[in-house]
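Coordinates from protein-v3.csv are shown below (CSV, C-alpha atoms).
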chain,number,residue,atom,x,y,z
A,1,MET,CA,2.1,0.3,0.6
A,2,ALA,CA,1.7,-2.2,3.4
A,3,ALA,CA,3.4,0.3,5.8
A,4,GLY,CA,1.0,3.0,4.8
A,5,ALA,CA,-2.0,0.7,5.1
A,6,LEU,CA,-0.8,-0.4,8.5
A,7,PHE,CA,-0.2,3.1,9.7
A,8,LEU,CA,-3.8,4.2,9.0
A,9,ALA,CA,-5.5,0.9,9.9
A,10,PHE,CA,-3.8,0.7,13.3
A,11,ASN,CA,-5.2,4.2,14.2
A,12,VAL,CA,-8.8,3.3,13.5
A,13,ALA,CA,-9.1,-0.4,14.1
A,14,PRO,CA,-9.2,-0.3,18.0
A,15,THR,CA,-12.2,2.0,17.9
A,16,GLU,CA,-15.8,0.7,17.9
A,17,GLU,CA,-16.7,2.8,14.9
A,18,MET,CA,-15.2,0.4,12.3
A,19,VAL,CA,-17.1,-2.5,13.7
A,20,LEU,CA,-20.3,-0.5,14.1
A,21,ILE,CA,-20.1,0.8,10.5
A,22,ALA,CA,-19.7,-2.8,9.3
A,23,TYR,CA,-22.7,-3.9,11.2
A,24,MET,CA,-24.9,-1.1,10.0
A,25,MET,CA,-23.9,-1.3,6.3
A,26,GLY,CA,-25.8,-3.5,3.9
A,27,THR,CA,-24.0,-6.0,1.7
A,28,TRP,CA,-24.5,-3.9,-1.5
A,29,GLN,CA,-23.2,-0.9,0.4
A,30,THR,CA,-20.2,-2.8,1.5
A,31,PHE,CA,-19.6,-4.0,-2.1
A,32,ALA,CA,-19.8,-0.4,-3.3
A,33,LEU,CA,-17.3,0.7,-0.6
A,34,ALA,CA,-14.9,-2.0,-2.0
A,35,VAL,CA,-15.3,-0.6,-5.5
A,36,ALA,CA,-14.8,2.9,-4.2
A,37,SER,CA,-11.6,1.9,-2.4
A,38,LEU,CA,-10.2,0.4,-5.6
A,39,LEU,CA,-11.1,3.5,-7.6
A,40,LEU,CA,-9.6,5.8,-4.9
A,41,LEU,CA,-6.3,3.8,-4.9
A,42,HIS,CA,-6.1,3.7,-8.7
A,43,THR,CA,-6.9,7.4,-9.1
A,44,PHE,CA,-4.6,8.7,-6.4
A,45,VAL,CA,-1.6,6.7,-7.4
A,46,TYR,CA,-1.8,6.1,-11.1
A,47,THR,CA,-4.1,8.6,-12.7
A,48,VAL,CA,-4.0,12.1,-11.1
A,49,GLY,CA,-0.8,14.0,-11.6
A,50,PHE,CA,0.5,14.2,-8.1
A,51,ASP,CA,4.2,14.5,-7.4
A,52,GLY,CA,5.7,11.1,-6.8
A,53,GLN,CA,3.8,9.3,-9.5
A,54,GLU,CA,5.8,7.3,-12.0
A,55,ASN,CA,5.0,6.0,-15.4
A,56,TYR,CA,4.6,2.3,-15.0
A,57,GLY,CA,4.1,1.6,-18.6
A,58,GLY,CA,1.6,-0.9,-19.9
A,59,GLY,CA,-2.0,-0.5,-20.7
A,60,PHE,CA,-4.8,0.4,-18.3
A,61,PHE,CA,-5.7,-3.1,-17.4
A,62,SER,CA,-2.1,-4.1,-16.9
A,63,VAL,CA,-1.5,-1.3,-14.4
A,64,LEU,CA,-4.9,-2.0,-12.8
A,65,LEU,CA,-4.1,-5.7,-12.2
A,66,ARG,CA,-0.4,-5.4,-11.4
A,67,PHE,CA,-0.5,-2.4,-9.1
A,68,THR,CA,-4.0,-1.3,-8.1
A,69,ILE,CA,-5.6,-4.7,-7.4
A,70,ALA,CA,-2.4,-6.0,-5.9
A,71,GLY,CA,-2.2,-2.9,-3.7
A,72,TYR,CA,-5.8,-3.3,-2.6
A,73,ALA,CA,-5.2,-6.9,-1.8
A,74,ILE,CA,-2.3,-5.8,0.5
A,75,ALA,CA,-4.6,-3.3,2.1
A,76,LEU,CA,-7.2,-6.1,2.8
A,77,LEU,CA,-4.6,-8.4,4.2
A,78,VAL,CA,-3.3,-5.7,6.5
A,79,SER,CA,-6.8,-4.9,7.6
A,80,LEU,CA,-7.5,-8.5,8.4
A,81,TYR,CA,-4.3,-8.8,10.4
A,82,VAL,CA,-5.1,-5.7,12.4
A,83,LEU,CA,-8.7,-6.9,13.1
A,84,TRP,CA,-7.3,-10.2,14.2
A,85,THR,CA,-4.8,-8.5,16.5
A,86,PHE,CA,-7.5,-6.5,18.3
A,87,GLY,CA,-9.7,-9.6,18.7
A,88,ARG,CA,-12.4,-8.4,16.3
A,89,THR,CA,-12.5,-11.7,14.5
A,90,ASP,CA,-13.2,-13.9,17.6
A,91,SER,CA,-16.5,-15.9,17.4
A,92,VAL,CA,-17.5,-13.9,14.4
A,93,GLY,CA,-18.8,-15.4,11.1
A,94,LEU,CA,-16.8,-15.3,7.9
A,95,PHE,CA,-19.2,-12.9,6.2
A,96,VAL,CA,-18.9,-10.4,9.0
A,97,ILE,CA,-15.1,-10.7,9.0
A,98,ALA,CA,-15.1,-9.9,5.3
A,99,GLN,CA,-17.4,-7.0,5.9
A,100,MET,CA,-15.2,-5.5,8.6
A,101,THR,CA,-12.2,-6.1,6.4
A,102,ILE,CA,-13.7,-4.2,3.5
A,103,VAL,CA,-14.7,-1.3,5.9
A,104,LEU,CA,-11.3,-1.1,7.4
A,105,GLY,CA,-9.8,-1.6,4.0
A,106,PHE,CA,-11.0,1.9,2.9
A,107,PRO,CA,-8.7,3.8,5.2
A,108,ALA,CA,-6.0,1.2,4.7
A,109,ALA,CA,-6.2,1.7,0.9
A,110,LEU,CA,-5.9,5.4,1.4
A,111,GLY,CA,-2.9,4.9,3.6
A,112,ALA,CA,-1.4,2.6,1.0
A,113,ALA,CA,-2.0,5.2,-1.8
A,114,LEU,CA,-0.4,8.0,0.2
A,115,ALA,CA,2.6,5.8,1.1
A,116,ARG,CA,3.1,5.0,-2.6
A,117,LEU,CA,3.2,8.7,-3.4
A,118,ILE,CA,5.3,9.9,-0.5
A,119,ILE,CA,7.9,7.1,-0.2
B,1,MET,CA,34.2,21.6,-30.5
B,2,ALA,CA,33.1,18.6,-32.5
B,3,ASN,CA,29.8,17.1,-31.6
B,4,GLY,CA,30.2,14.1,-33.7
B,5,ASP,CA,31.8,12.1,-30.9
B,6,GLN,CA,29.0,12.8,-28.5
B,7,PRO,CA,26.5,10.0,-28.1
B,8,ASP,CA,23.2,10.8,-29.7
B,9,THR,CA,21.0,10.9,-26.6
B,10,HIS,CA,18.3,12.7,-28.5
B,11,GLN,CA,18.0,9.8,-30.9
B,12,GLN,CA,17.8,7.4,-28.0
B,13,ASP,CA,15.1,9.5,-26.4
B,14,LEU,CA,13.1,9.4,-29.7
B,15,ASN,CA,13.3,5.6,-29.6
B,16,GLY,CA,11.5,5.8,-26.2
B,17,PRO,CA,12.4,3.9,-23.1
B,18,GLU,CA,13.1,0.2,-23.3
B,19,LYS,CA,10.0,-1.7,-22.7
B,20,ARG,CA,10.2,-3.3,-19.3
B,21,LYS,CA,9.5,-7.0,-19.2
B,22,VAL,CA,7.1,-7.9,-16.3
B,23,PRO,CA,8.6,-10.6,-14.2
B,24,LEU,CA,6.6,-13.8,-13.7
B,25,LEU,CA,6.6,-13.4,-9.9
B,26,GLU,CA,4.9,-10.0,-10.4
B,27,TRP,CA,2.1,-11.6,-12.4
B,28,ILE,CA,1.7,-14.4,-9.9
B,29,VAL,CA,1.4,-12.0,-7.0
B,30,SER,CA,-1.0,-9.9,-9.0
B,31,LEU,CA,-3.2,-12.9,-9.8
B,32,LEU,CA,-3.2,-13.9,-6.1
B,33,GLY,CA,-4.3,-10.4,-5.3
B,34,LEU,CA,-7.1,-10.6,-7.9
B,35,VAL,CA,-8.3,-13.9,-6.4
B,36,LEU,CA,-8.4,-12.3,-2.9
B,37,VAL,CA,-10.3,-9.2,-4.2
B,38,ILE,CA,-12.8,-11.2,-6.3
B,39,GLY,CA,-13.3,-13.7,-3.5
B,40,THR,CA,-14.1,-11.0,-1.0
B,41,SER,CA,-16.4,-9.2,-3.4
B,42,GLY,CA,-18.0,-12.4,-4.5
B,43,MET,CA,-18.9,-13.2,-0.9
B,44,MET,CA,-20.6,-9.9,-0.6
B,45,ILE,CA,-22.6,-10.5,-3.7
B,46,TYR,CA,-23.6,-14.0,-2.6
B,47,TYR,CA,-24.8,-12.8,0.8
B,48,ALA,CA,-26.6,-9.9,-0.9
B,49,PHE,CA,-28.7,-12.3,-2.9
B,50,TYR,CA,-29.2,-15.2,-0.4
B,51,GLN,CA,-29.0,-13.7,3.1
B,52,GLN,CA,-30.0,-10.0,2.9
B,53,GLY,CA,-33.1,-9.1,4.8
B,54,THR,CA,-33.3,-12.1,7.2
B,55,PRO,CA,-33.7,-10.8,10.7
B,56,PRO,CA,-31.5,-11.9,13.6
B,57,ARG,CA,-32.3,-15.4,15.0
B,58,LEU,CA,-31.1,-15.3,18.6
B,59,TRP,CA,-30.9,-18.2,21.0
B,60,ALA,CA,-28.7,-19.0,24.0
B,61,ALA,CA,-27.3,-22.3,25.4
B,62,GLY,CA,-25.5,-22.9,28.6
B,63,HIS,CA,-22.2,-24.8,28.9
B,64,GLY,CA,-21.3,-25.5,32.5
B,65,VAL,CA,-21.7,-24.1,36.0
B,66,THR,CA,-18.8,-23.0,38.2
B,67,LEU,CA,-18.9,-22.4,41.9
B,68,ILE,CA,-17.3,-19.0,42.6
B,69,GLY,CA,-17.0,-18.3,46.3
B,70,ASP,CA,-20.6,-18.7,47.6
B,71,ARG,CA,-22.2,-18.1,44.2
B,72,TYR,CA,-22.8,-20.1,41.1
B,73,LEU,CA,-21.8,-19.0,37.6
B,74,PRO,CA,-23.5,-20.6,34.7
B,75,GLU,CA,-21.7,-19.7,31.5
B,76,PHE,CA,-23.5,-19.5,28.2
B,77,THR,CA,-23.2,-18.5,24.6
B,78,VAL,CA,-25.7,-16.6,22.6
B,79,TYR,CA,-25.9,-17.3,18.9
B,80,ASN,CA,-27.2,-15.3,16.0
B,81,ASP,CA,-28.1,-17.5,13.1
B,82,GLY,CA,-29.9,-14.7,11.1
B,83,GLY,CA,-28.6,-12.5,8.3
B,84,ALA,CA,-28.6,-9.3,10.3
B,85,SER,CA,-26.6,-8.1,13.2
B,86,ALA,CA,-28.3,-7.4,16.6
B,87,ALA,CA,-27.3,-4.7,19.1
B,88,MET,CA,-28.1,-4.5,22.9
B,89,VAL,CA,-29.0,-8.2,23.0
B,90,ASN,CA,-30.6,-9.1,26.3
B,91,VAL,CA,-30.2,-12.6,27.6
B,92,ALA,CA,-32.3,-13.4,30.7
B,93,GLY,CA,-31.7,-16.3,33.0
B,94,ARG,CA,-34.4,-17.6,35.4
B,95,LEU,CA,-34.2,-20.2,38.1
B,96,ARG,CA,-37.6,-21.8,38.6
B,97,ARG,CA,-39.2,-24.4,40.8
B,98,ASP,CA,-42.6,-25.6,39.6
B,99,GLU,CA,-44.3,-22.3,38.6
B,100,ASN,CA,-42.3,-20.0,40.8
B,101,THR,CA,-39.3,-17.9,39.7
B,102,LEU,CA,-36.8,-18.1,42.5
B,103,GLU,CA,-34.1,-16.0,41.1
B,104,SER,CA,-33.4,-14.1,37.8
B,105,ALA,CA,-30.5,-12.3,36.2
B,106,SER,CA,-29.8,-10.7,32.8
B,107,VAL,CA,-26.9,-9.8,30.6
B,108,THR,CA,-26.8,-7.3,27.7
B,109,PHE,CA,-24.4,-7.8,24.9
B,110,ASP,CA,-23.4,-4.7,22.9
B,111,TYR,CA,-23.4,-6.6,19.6
B,112,VAL,CA,-24.0,-10.1,18.3
B,113,PRO,CA,-23.2,-10.0,14.6
B,114,ALA,CA,-24.9,-12.1,12.0
B,115,HIS,CA,-23.8,-15.8,11.9
B,116,SER,CA,-21.7,-15.2,15.0
B,117,SER,CA,-21.8,-15.8,18.8
B,118,ALA,CA,-20.9,-14.1,22.0
B,119,SER,CA,-20.3,-15.6,25.5
B,120,GLY,CA,-21.1,-14.5,29.0
B,121,GLY,CA,-22.2,-15.6,32.4
B,122,MET,CA,-24.5,-14.6,35.3
B,123,TYR,CA,-24.3,-15.2,39.0
B,124,PHE,CA,-26.9,-16.9,41.1
B,125,THR,CA,-27.0,-17.8,44.8
B,126,ARG,CA,-28.7,-21.1,44.0
B,127,ASP,CA,-27.3,-24.0,42.0
B,128,PRO,CA,-28.8,-23.9,38.5
B,129,ARG,CA,-28.1,-27.6,38.2
B,130,THR,CA,-30.7,-28.4,40.9
B,131,HIS,CA,-33.4,-26.1,39.6
B,132,GLN,CA,-35.2,-25.5,36.4
B,133,PHE,CA,-32.8,-23.1,34.6
B,134,ARG,CA,-34.0,-21.3,31.5
B,135,LEU,CA,-32.0,-19.0,29.2
B,136,ASP,CA,-33.8,-16.6,26.8
B,137,ALA,CA,-32.4,-14.1,24.3
B,138,ASP,CA,-35.5,-12.0,24.6
B,139,ALA,CA,-34.7,-8.5,23.1
B,140,TYR,CA,-32.4,-6.6,20.7
B,141,ILE,CA,-32.3,-3.4,18.7
B,142,GLU,CA,-30.9,-2.8,15.3
B,143,PRO,CA,-27.3,-1.4,15.3
Have the structure of the file written as structure tokens, please.
Amino acid sequence: MAAGALFLAFNVAPTEEMVLIAYMMGTWQTFALAVASLLLLHTFVYTVGFDGQENYGGGFFSVLLRFTIAGYAIALLVSLYVLWTFGRTDSVGLFVIAQMTIVLGFPAALGAALARLII
Amino acid sequence: MANGDQPDTHQQDLNGPEKRKVPLLEWIVSLLGLVLVIGTSGMMIYYAFYQQGTPPRLWAAGHGVTLIGDRYLPEFTVYNDGGASAAMVNVAGRLRRDENTLESASVTFDYVPAHSSASGGMYFTRDPRTHQFRLDADAYIEP
């Protein structure tokens, strides 16, 4: 999942669009994007019947905690690393860093979901 | 051919797959991930309630003058203490003596995010240390 997140995040992180989107989005919009990223990750990988899915067993909340949330956390960490690599976190407040991380975390979560299905 | 010697795989399938015990390390990593996700989301919610809507508060401060060739370079940092990001932030520098403006220059920053800063400099032919030197962050637009 980290490889998939890194693959997509590296493509979009050097551009200005990720940063501009973060600056233009309100805090509630950013929070909604985080929720949407989680739902996207869970739906793609563990709910919809794509090829490559496995039956992980356990209840809904067990799969959500052990796989979806852990996978999204990996996507967030990868996003933060990529932002730091490209100097986007220099002289920037912690809140804005979190906002940029969540914005970049959306394509990173998509990449993580696709990697989970393909690999 | 006798089938009695064959293992009863059908019966094994009916029993279902053996329930996998989740390792402790998996739970630990999952909980760390949950802490990270809740912490990030919680920060968004906190700022939504306490910082949303405050406009940019821009101000600039100099921190040293360097002689570059035959020109002087005062370097400065512009700060945004407000809750909103600012774009196209203009910082004007003026060298004055009494009421007269002897020299002026300006710098435009693409973005100065909320609770963040950006640094720059501007060149003058006169030494800012021997004149009245004023820095003003005097304009911005919303991103």
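Proximity to chain B was assessed for A:Gly105, A:Gly93, A:Pro14, A:Gly111 counting all atoms listed in the file; the smallest distance is recorded for A:Gly93.
Take atom CA of Leu110 of chain A and atom CA of Met25 of chain A: the distance between them is 19.8 Å.
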Find the residues of chain A in contact range of chain B, meaning any atom within 6 Å when counting all atoms listed in the file, and list them as number ranges by chain. A: 24, 27, 66, 70, 73, 91-93
Using only C-alpha atoms, determine which residues lie at most 10 Å from Leu8 of chain A, disregarding the query and same-chain residues fewer than 3 positions distant; provide the list as a VMD selection string. chain A and resid 3 to 5 11 to 13 79 104 to 112
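The interatomic distance for the pair atom CA of Tyr81 of chain A and atom CA of Ala113 of chain A works out to 18.7 Å.
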One residue among B:Thr108, B:Thr125, B:Asn90, B:Thr101 is nearest to Leu73 of chain B when using only C-alpha atoms, and that residue is B:Thr125
Skipping near chain neighbours, those fewer than 2 positions away, what residues fall within 10 Å of Ile21 of chain A using all atoms listed in the file, listed as a VMD selection string? (chain A and resid 16 to 19 23 to 26 30 99 to 100 103 to 104) or (chain B and resid 143)
I need the chosen residues saved as a short mmCIF file (atom, residue, chain, number, x, y, z; two decimals), keeping the file's coordinate frame, with C-alpha atoms.
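Here's the written file selection-v9.cif:
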data_model
loop_
_atom_site.label_atom_id
_atom_site.label_comp_id
_atom_site.auth_asym_id
_atom_site.auth_seq_id
_atom_site.Cartn_x
_atom_site.Cartn_y
_atom_site.Cartn_z
CA GLU A 16 -15.80 0.70 17.90
CA GLU A 17 -16.70 2.80 14.90
CA MET A 18 -15.20 0.40 12.30
CA VAL A 19 -17.10 -2.50 13.70
CA TYR A 23 -22.70 -3.90 11.20
CA MET A 24 -24.90 -1.10 10.00
CA MET A 25 -23.90 -1.30 6.30
CA GLY A 26 -25.80 -3.50 3.90
CA THR A 30 -20.20 -2.80 1.50
CA GLN A 99 -17.40 -7.00 5.90
CA MET A 100 -15.20 -5.50 8.60
CA VAL A 103 -14.70 -1.30 5.90
CA LEU A 104 -11.30 -1.10 7.40
CA PRO B 143 -27.30 -1.40 15.30
#
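Computed from the coordinates, the atom CA of Ile141 of chain B to atom CA of Thr77 of chain B distance equals 18.6 Å.
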Please write segment 102-121 of chain B of the preceding block to a file containing N, CA and C atoms, as a PDB file, in the first residue's frame?
ATOM      1  N   LEU B 102      13.349  58.269  -0.136  1.00  0.00           N
ATOM      2  CA  LEU B 102      14.508  58.309  -1.024  1.00  0.00           C
ATOM      3  C   LEU B 102      14.524  57.144  -2.010  1.00  0.00           C
ATOM      4  N   GLU B 103      14.083  56.011  -1.526  1.00  0.00           N
ATOM      5  CA  GLU B 103      14.154  54.815  -2.361  1.00  0.00           C
ATOM      6  C   GLU B 103      13.084  53.837  -1.899  1.00  0.00           C
ATOM      7  N   SER B 104      12.537  53.069  -2.836  1.00  0.00           N
ATOM      8  CA  SER B 104      11.536  52.073  -2.457  1.00  0.00           C
ATOM      9  C   SER B 104      11.691  50.831  -3.327  1.00  0.00           C
ATOM     10  N   ALA B 105      11.226  49.717  -2.820  1.00  0.00           N
ATOM     11  CA  ALA B 105      11.240  48.446  -3.551  1.00  0.00           C
ATOM     12  C   ALA B 105      10.100  47.600  -2.998  1.00  0.00           C
ATOM     13  N   SER B 106       9.711  46.588  -3.742  1.00  0.00           N
ATOM     14  CA  SER B 106       8.636  45.711  -3.264  1.00  0.00           C
ATOM     15  C   SER B 106       8.868  44.282  -3.721  1.00  0.00           C
ATOM     16  N   VAL B 107       8.303  43.388  -2.964  1.00  0.00           N
ATOM     17  CA  VAL B 107       8.378  41.951  -3.246  1.00  0.00           C
ATOM     18  C   VAL B 107       6.966  41.388  -3.160  1.00  0.00           C
ATOM     19  N   THR B 108       6.624  40.490  -4.076  1.00  0.00           N
ATOM     20  CA  THR B 108       5.318  39.837  -4.024  1.00  0.00           C
ATOM     21  C   THR B 108       5.516  38.338  -3.793  1.00  0.00           C
ATOM     22  N   PHE B 109       4.926  37.828  -2.742  1.00  0.00           N
ATOM     23  CA  PHE B 109       4.992  36.395  -2.428  1.00  0.00           C
ATOM     24  C   PHE B 109       3.746  35.713  -2.997  1.00  0.00           C
ATOM     25  N   ASP B 110       3.937  34.563  -3.631  1.00  0.00           N
ATOM     26  CA  ASP B 110       2.794  33.833  -4.197  1.00  0.00           C
ATOM     27  C   ASP B 110       1.778  33.479  -3.100  1.00  0.00           C
ATOM     28  N   TYR B 111       2.278  32.902  -2.024  1.00  0.00           N
ATOM     29  CA  TYR B 111       1.390  32.493  -0.930  1.00  0.00           C
ATOM     30  C   TYR B 111       2.095  32.695   0.406  1.00  0.00           C
ATOM     31  N   VAL B 112       1.331  33.145   1.390  1.00  0.00           N
ATOM     32  CA  VAL B 112       1.777  33.072   2.774  1.00  0.00           C
ATOM     33  C   VAL B 112       0.637  32.369   3.522  1.00  0.00           C
ATOM     34  N   PRO B 113       0.810  31.083   3.818  1.00  0.00           N
ATOM     35  CA  PRO B 113      -0.293  30.327   4.452  1.00  0.00           C
ATOM     36  C   PRO B 113      -0.596  30.836   5.855  1.00  0.00           C
ATOM     37  N   ALA B 114      -1.731  30.401   6.361  1.00  0.00           N
ATOM     38  CA  ALA B 114      -2.118  30.762   7.725  1.00  0.00           C
ATOM     39  C   ALA B 114      -1.095  30.224   8.721  1.00  0.00           C
ATOM     40  N   HIS B 115      -0.796  31.020   9.737  1.00  0.00           N
ATOM     41  CA  HIS B 115       0.132  30.628  10.803  1.00  0.00           C
ATOM     42  C   HIS B 115       1.479  30.185  10.237  1.00  0.00           C
ATOM     43  N   SER B 116       1.924  30.899   9.219  1.00  0.00           N
ATOM     44  CA  SER B 116       3.172  30.516   8.547  1.00  0.00           C
ATOM     45  C   SER B 116       3.955  31.776   8.202  1.00  0.00           C
ATOM     46  N   SER B 117       5.090  31.591   7.583  1.00  0.00           N
ATOM     47  CA  SER B 117       5.929  32.729   7.225  1.00  0.00           C
ATOM     48  C   SER B 117       6.621  32.449   5.907  1.00  0.00           C
ATOM     49  N   ALA B 118       7.158  33.517   5.336  1.00  0.00           N
ATOM     50  CA  ALA B 118       7.948  33.394   4.105  1.00  0.00           C
ATOM     51  C   ALA B 118       9.035  34.463   4.169  1.00  0.00           C
ATOM     52  N   SER B 119      10.152  34.186   3.569  1.00  0.00           N
ATOM     53  CA  SER B 119      11.298  35.103   3.650  1.00  0.00           C
ATOM     54  C   SER B 119      11.673  35.611   2.271  1.00  0.00           C
ATOM     55  N   GLY B 120      12.273  36.805   2.272  1.00  0.00           N
ATOM     56  CA  GLY B 120      12.706  37.404   1.016  1.00  0.00           C
ATOM     57  C   GLY B 120      13.675  38.537   1.284  1.00  0.00           C
ATOM     58  N   GLY B 121      13.988  39.282   0.252  1.00  0.00           N
ATOM     59  CA  GLY B 121      14.892  40.418   0.389  1.00  0.00           C
ATOM     60  C   GLY B 121      14.655  41.392  -0.749  1.00  0.00           C
TER      61      GLY B 121
END
